[in-house]
$ cat input_16.cif   # mmCIF, C-alpha atoms
data_my_file
loop_
_atom_site.label_atom_id
_atom_site.label_comp_id
_atom_site.auth_asym_id
_atom_site.auth_seq_id
_atom_site.Cartn_x
_atom_site.Cartn_y
_atom_site.Cartn_z
CA MET A 1 100.74 108.79 83.57
CA ASP A 2 101.37 107.61 80.03
CA LEU A 3 98.63 105.09 79.32
CA SER A 4 100.70 103.61 76.50
CA MET A 5 103.11 102.39 79.20
CA PRO A 6 102.99 98.60 79.38
CA TYR A 7 101.93 96.85 82.54
CA ASN A 8 104.81 94.97 84.10
CA GLY A 9 105.20 92.62 87.00
CA THR A 10 108.59 93.92 88.18
CA LEU A 11 106.95 95.01 91.44
CA THR A 12 107.28 91.41 92.63
CA ALA A 13 111.02 92.06 93.03
CA GLU A 14 111.16 95.84 93.34
CA GLN A 15 108.50 96.30 96.05
CA PHE A 16 108.25 99.37 98.34
CA LEU A 17 112.01 99.90 98.88
CA PHE A 18 111.72 102.84 101.27
CA TYR A 19 115.20 102.65 102.83
CA GLU A 20 116.84 101.89 99.49
CA MET A 21 115.08 104.95 98.01
CA LYS A 22 116.50 107.16 100.76
CA ILE A 23 120.02 105.87 100.08
CA VAL A 24 119.75 106.39 96.32
CA ALA A 25 118.02 109.78 96.69
CA THR A 26 120.80 111.07 98.98
CA GLN A 27 123.43 110.23 96.37
CA TYR A 28 121.25 111.42 93.50
CA LEU A 29 121.02 114.85 95.15
CA GLU A 30 124.83 114.91 95.38
CA GLY A 31 124.82 114.80 91.57
CA ARG A 32 126.15 111.26 91.14
CA THR A 33 125.39 109.18 88.06
CA ILE A 34 123.52 105.91 88.47
CA GLU A 35 126.77 104.02 87.79
CA ALA A 36 128.57 105.91 90.58
CA ILE A 37 125.63 105.31 92.94
CA ILE A 38 125.70 101.58 92.21
CA GLU A 39 129.47 101.45 92.84
CA ASN A 40 129.09 103.24 96.19
CA ILE A 41 126.26 100.94 97.28
CA LYS A 42 128.26 97.83 96.32
CA ARG A 43 131.49 99.07 97.93
CA ASP A 44 129.89 99.97 101.27
CA ASN A 45 127.25 97.19 101.19
CA LEU A 46 124.60 99.85 101.83
CA PHE A 47 121.65 97.71 100.76
CA GLN A 48 122.89 94.55 102.50
CA PHE A 49 121.57 92.41 99.66
CA PRO A 50 123.01 88.94 98.99
CA THR A 51 123.90 89.42 95.30
CA GLU A 52 125.49 92.11 93.18
CA ARG A 53 122.85 91.56 90.51
CA MET A 54 120.10 92.38 92.99
CA ILE A 55 121.92 95.52 94.15
CA ILE A 56 122.18 96.76 90.55
CA ARG A 57 118.54 95.99 89.77
CA ILE A 58 117.14 97.66 92.90
CA ALA A 59 119.42 100.72 92.65
CA ARG A 60 118.31 101.26 89.04
CA ALA A 61 114.64 100.87 90.01
CA CYS A 62 115.01 103.46 92.79
CA TYR A 63 116.82 105.84 90.43
CA LYS A 64 114.06 105.53 87.82
CA ARG A 65 111.42 106.21 90.47
CA LEU A 66 113.23 109.37 91.54
CA ILE A 67 113.38 110.55 87.92
CA ALA A 68 109.69 109.67 87.50
CA LEU A 69 108.81 111.95 90.43
CA GLY A 70 109.68 114.83 88.13
CA ASN A 71 110.07 117.12 91.12
CA GLU A 72 113.37 117.94 92.84
CA LYS A 73 111.61 119.19 95.99
CA LEU A 74 109.95 115.82 96.44
CA VAL A 75 113.31 114.06 96.04
CA HIS A 76 114.66 116.25 98.87
CA GLU A 77 111.64 115.29 100.99
CA VAL A 78 112.34 111.57 100.45
CA VAL A 79 115.70 112.20 102.12
CA ASP A 80 114.82 114.78 104.77
CA ALA A 81 111.14 114.51 105.68
CA PRO A 82 109.80 112.42 108.59
CA ALA A 83 109.22 108.78 107.62
CA GLU A 84 105.43 109.15 107.40
CA VAL A 85 105.76 111.96 104.84
CA ALA A 86 108.62 110.35 102.92
CA LYS A 87 106.72 107.05 102.66
CA GLN A 88 103.74 108.79 101.05
CA ILE A 89 106.12 110.42 98.56
CA ASN A 90 107.77 107.05 97.92
CA LEU A 91 104.38 105.56 97.07
CA TYR A 92 103.69 108.47 94.72
CA ALA A 93 107.07 107.82 93.03
CA ILE A 94 106.06 104.19 92.48
CA MET A 95 102.73 105.37 91.02
CA ARG A 96 104.59 107.63 88.60
CA TYR A 97 106.86 104.78 87.53
CA ASN A 98 104.53 101.79 87.49
CA ARG A 99 101.19 101.80 85.68
CA LEU A 100 99.83 98.88 87.70
CA VAL A 101 100.39 100.70 90.99
CA ARG A 102 98.94 103.90 89.56
CA GLU A 103 95.73 102.22 88.48
CA PHE A 104 95.42 100.29 91.73
CA MET A 105 95.89 103.41 93.84
CA GLU A 106 93.59 105.65 91.79
CA GLY A 107 91.08 103.15 90.45
CA LEU A 108 90.55 101.10 93.60
CA ILE A 109 91.89 102.94 96.66
CA GLY A 110 91.17 106.47 95.40
CA GLU A 111 87.61 105.49 94.46
CA LYS A 112 87.05 103.96 97.88
CA TYR A 113 88.20 107.19 99.51
CA ARG A 114 86.03 109.22 97.14
CA GLN A 115 82.96 107.20 98.09
CA GLN A 116 83.97 107.01 101.77
CA ASP A 117 83.80 103.24 101.51
CA PHE A 118 86.61 102.17 103.81
CA SER A 119 86.23 98.42 103.33
CA TYR A 120 89.21 96.65 101.77
CA THR A 121 88.88 92.92 101.28
CA LYS A 122 90.42 90.15 99.20
CA LYS A 123 87.37 90.43 96.98
CA ASP A 124 88.30 94.05 96.12
CA ILE A 125 91.84 93.25 95.03
CA ASN A 126 90.72 90.06 93.26
CA MET A 127 88.16 92.06 91.26
CA PHE A 128 90.84 94.63 90.38
CA PHE A 129 93.07 91.93 88.87
CA SER A 130 90.17 90.13 87.19
CA ARG A 131 89.20 93.33 85.37
CA LEU A 132 92.81 93.99 84.43
CA ARG A 133 93.22 90.48 83.02
CA GLU A 134 90.08 90.90 80.93
CA GLN A 135 91.24 94.25 79.57
CA ASN A 136 94.92 93.57 78.94
CA ASP A 137 96.53 90.67 77.07
CA ASP A 138 99.89 91.05 78.84
CA VAL A 139 98.33 90.86 82.31
CA ALA A 140 96.24 87.87 81.16
CA THR A 141 99.47 85.88 80.63
CA TRP A 142 100.79 86.47 84.18
CA SER A 143 100.94 83.36 86.34
CA GLU A 144 98.82 82.94 89.46
CA GLN A 145 102.06 83.07 91.44
CA THR A 146 102.92 86.50 89.97
CA ILE A 147 99.41 87.84 90.61
CA SER A 148 99.47 86.53 94.17
CA LYS A 149 102.84 88.20 94.84
CA LEU A 150 101.62 91.48 93.32
CA LYS A 151 98.57 91.44 95.60
CA GLN A 152 100.90 91.07 98.58
CA VAL A 153 103.16 93.92 97.47
CA LEU A 154 100.26 96.29 96.74
CA THR A 155 98.75 95.56 100.15
CA LYS A 156 102.19 96.10 101.75
CA CYS A 157 102.29 99.56 100.09
CA LEU A 158 99.03 100.38 101.90
CA ILE A 159 100.45 99.14 105.21
CA GLU A 160 103.70 101.11 104.77
CA THR A 161 101.72 104.33 104.24
CA LYS A 162 99.33 103.57 107.13
CA MET A 163 96.32 103.26 104.84
CA LEU A 164 95.94 99.76 106.25
CA ASP A 165 97.02 98.44 109.66
CA SER A 166 97.96 94.88 108.68
CA PHE A 167 97.54 92.17 106.04
CA LYS A 168 94.51 90.85 107.93
CA ASP A 169 92.86 94.25 108.27
CA THR A 170 89.77 94.88 106.14
CA THR A 171 89.28 98.60 106.81
CA LEU A 172 91.15 101.45 105.12
CA ASN A 173 92.32 104.26 107.37
CA PRO A 174 91.09 107.71 106.24
CA ILE A 175 94.62 109.15 105.99
CA PHE A 176 95.65 112.77 105.48
CA ILE A 177 97.93 113.65 102.59
CA SER A 178 101.14 115.35 103.69
CA ALA A 179 101.40 119.04 102.76
CA GLU A 180 104.71 118.34 101.01
CA LEU A 181 103.23 115.64 98.79
CA GLU A 182 100.09 117.58 97.99
CA SER A 183 102.18 120.58 96.97
CA GLY A 184 104.42 118.38 94.77
CA ILE A 185 101.47 116.67 93.06
CA ARG A 186 99.89 120.05 92.32
CA GLU A 187 103.18 121.43 90.99
CA ASN A 188 103.31 118.39 88.69
CA LYS A 189 99.71 119.12 87.62
CA ASP A 190 99.09 115.44 88.36
CA PHE A 191 95.73 116.05 89.99
CA THR A 192 94.25 112.57 89.51
CA ALA A 193 96.91 111.21 91.89
CA LEU A 194 95.43 113.18 94.80
CA SER A 195 92.53 110.75 95.21
CA ALA A 196 94.95 107.95 96.09
CA PHE A 197 95.87 109.92 99.21
CA ASN A 198 92.29 110.77 100.22
CA CYS A 199 92.57 114.34 98.96
CA PHE A 200 89.58 115.86 97.15
CA ARG A 201 89.92 119.59 97.81
#
$ encode --input "input_16.cif" --output "structure tokens"
Amino acid sequence: MDLSMPYNGTLTAEQFLFYEMKIVATQYLEGRTIEAIIENIKRDNLFQFPTERMIIRIARACYKRLIALGNEKLVHEVVDAPAEVAKQINLYAIMRYNRLVREFMEGLIGEKYRQQDFSYTKKDINMFFSRLREQNDDVATWSEQTISKLKQVLTKCLIETKMLDSFKDTTLNPIFISAELESGIRENKDFTALSAFNCFR
């Protein structure tokens, strides 16, 4: 992760996007350009989004996440692996693409797993954003509405990957990293990311 990357709040719109990622990854592996992928998605209404602008934005976000994975095998797994495995890889792709998600997953969730502290409360995520706002001028300018939406999306990422059972749940599940994802992270020499998936071996 490049720490010079700016924080951005695009996650409010771009979210987890698991099914959209699978669609884009399938076409990416067929060697299509992002422009060709967008045209196919628009023509066949594959995303079933209400506006063309939204289709373009989300397709580009998915494409950038796939590039950020930096690992062709993991892109194949997004398409072919069982949902539980592919969702973990999707979260890793978001971590590679979005600094906020990376720091949340490693700095908060990974540390909880490291310490075997499985509590996850509003206080935890509030503290995460408070620290971020103190440390970063860009984040300090985000509206309460943006922060609130980001908290929802980050928590939804935990639910999608079965780290959390529901929005009301206050206990993290001690998940197991998929062999495919662990192998990809190690191939990328991206070892700090392992903690986010409760992997410390």
$ residues_around --input "input_16.cif" --residues "segment 91-102 of chain A" --least-positions-apart "3" --cutoff "6 Å" --atoms "only C-alpha atoms" --output "list in words"
Tyr7, Arg65, Ala68, Leu69, Gln88 and Met105 of chain A
$ atom_distance --input "input_16.cif" --atom1 "atom CA of Glu14 of chain A" --atom2 "atom CA of Arg114 of chain A"
28.7 Å
$ resolve_selection --input "input_16.cif" --expression "the PyMOL selection byres ((chain A and resi 129) around 12)" --output "VMD selection string"
chain A and resid 7 100 to 101 103 to 104 107 to 108 122 to 128 130 to 136 139 to 140 142 to 144 146 to 148 150 to 151 154
$ residues_around --input "input_16.cif" --residues "Ala193 of chain A" --least-positions-apart "3" --cutoff "8 Å" --atoms "all atoms listed in the file" --output "ChimeraX atom specification"
/A:92,102,106,185,190,196-197
$ resolve_selection --input "input_16.cif" --expression "the PyMOL selection byres ((chain A and resi 175) around 7)" --output "list in words"
Met163, Asn173, Pro174, Phe176, Ile177, Phe197 and Asn198 of chain A
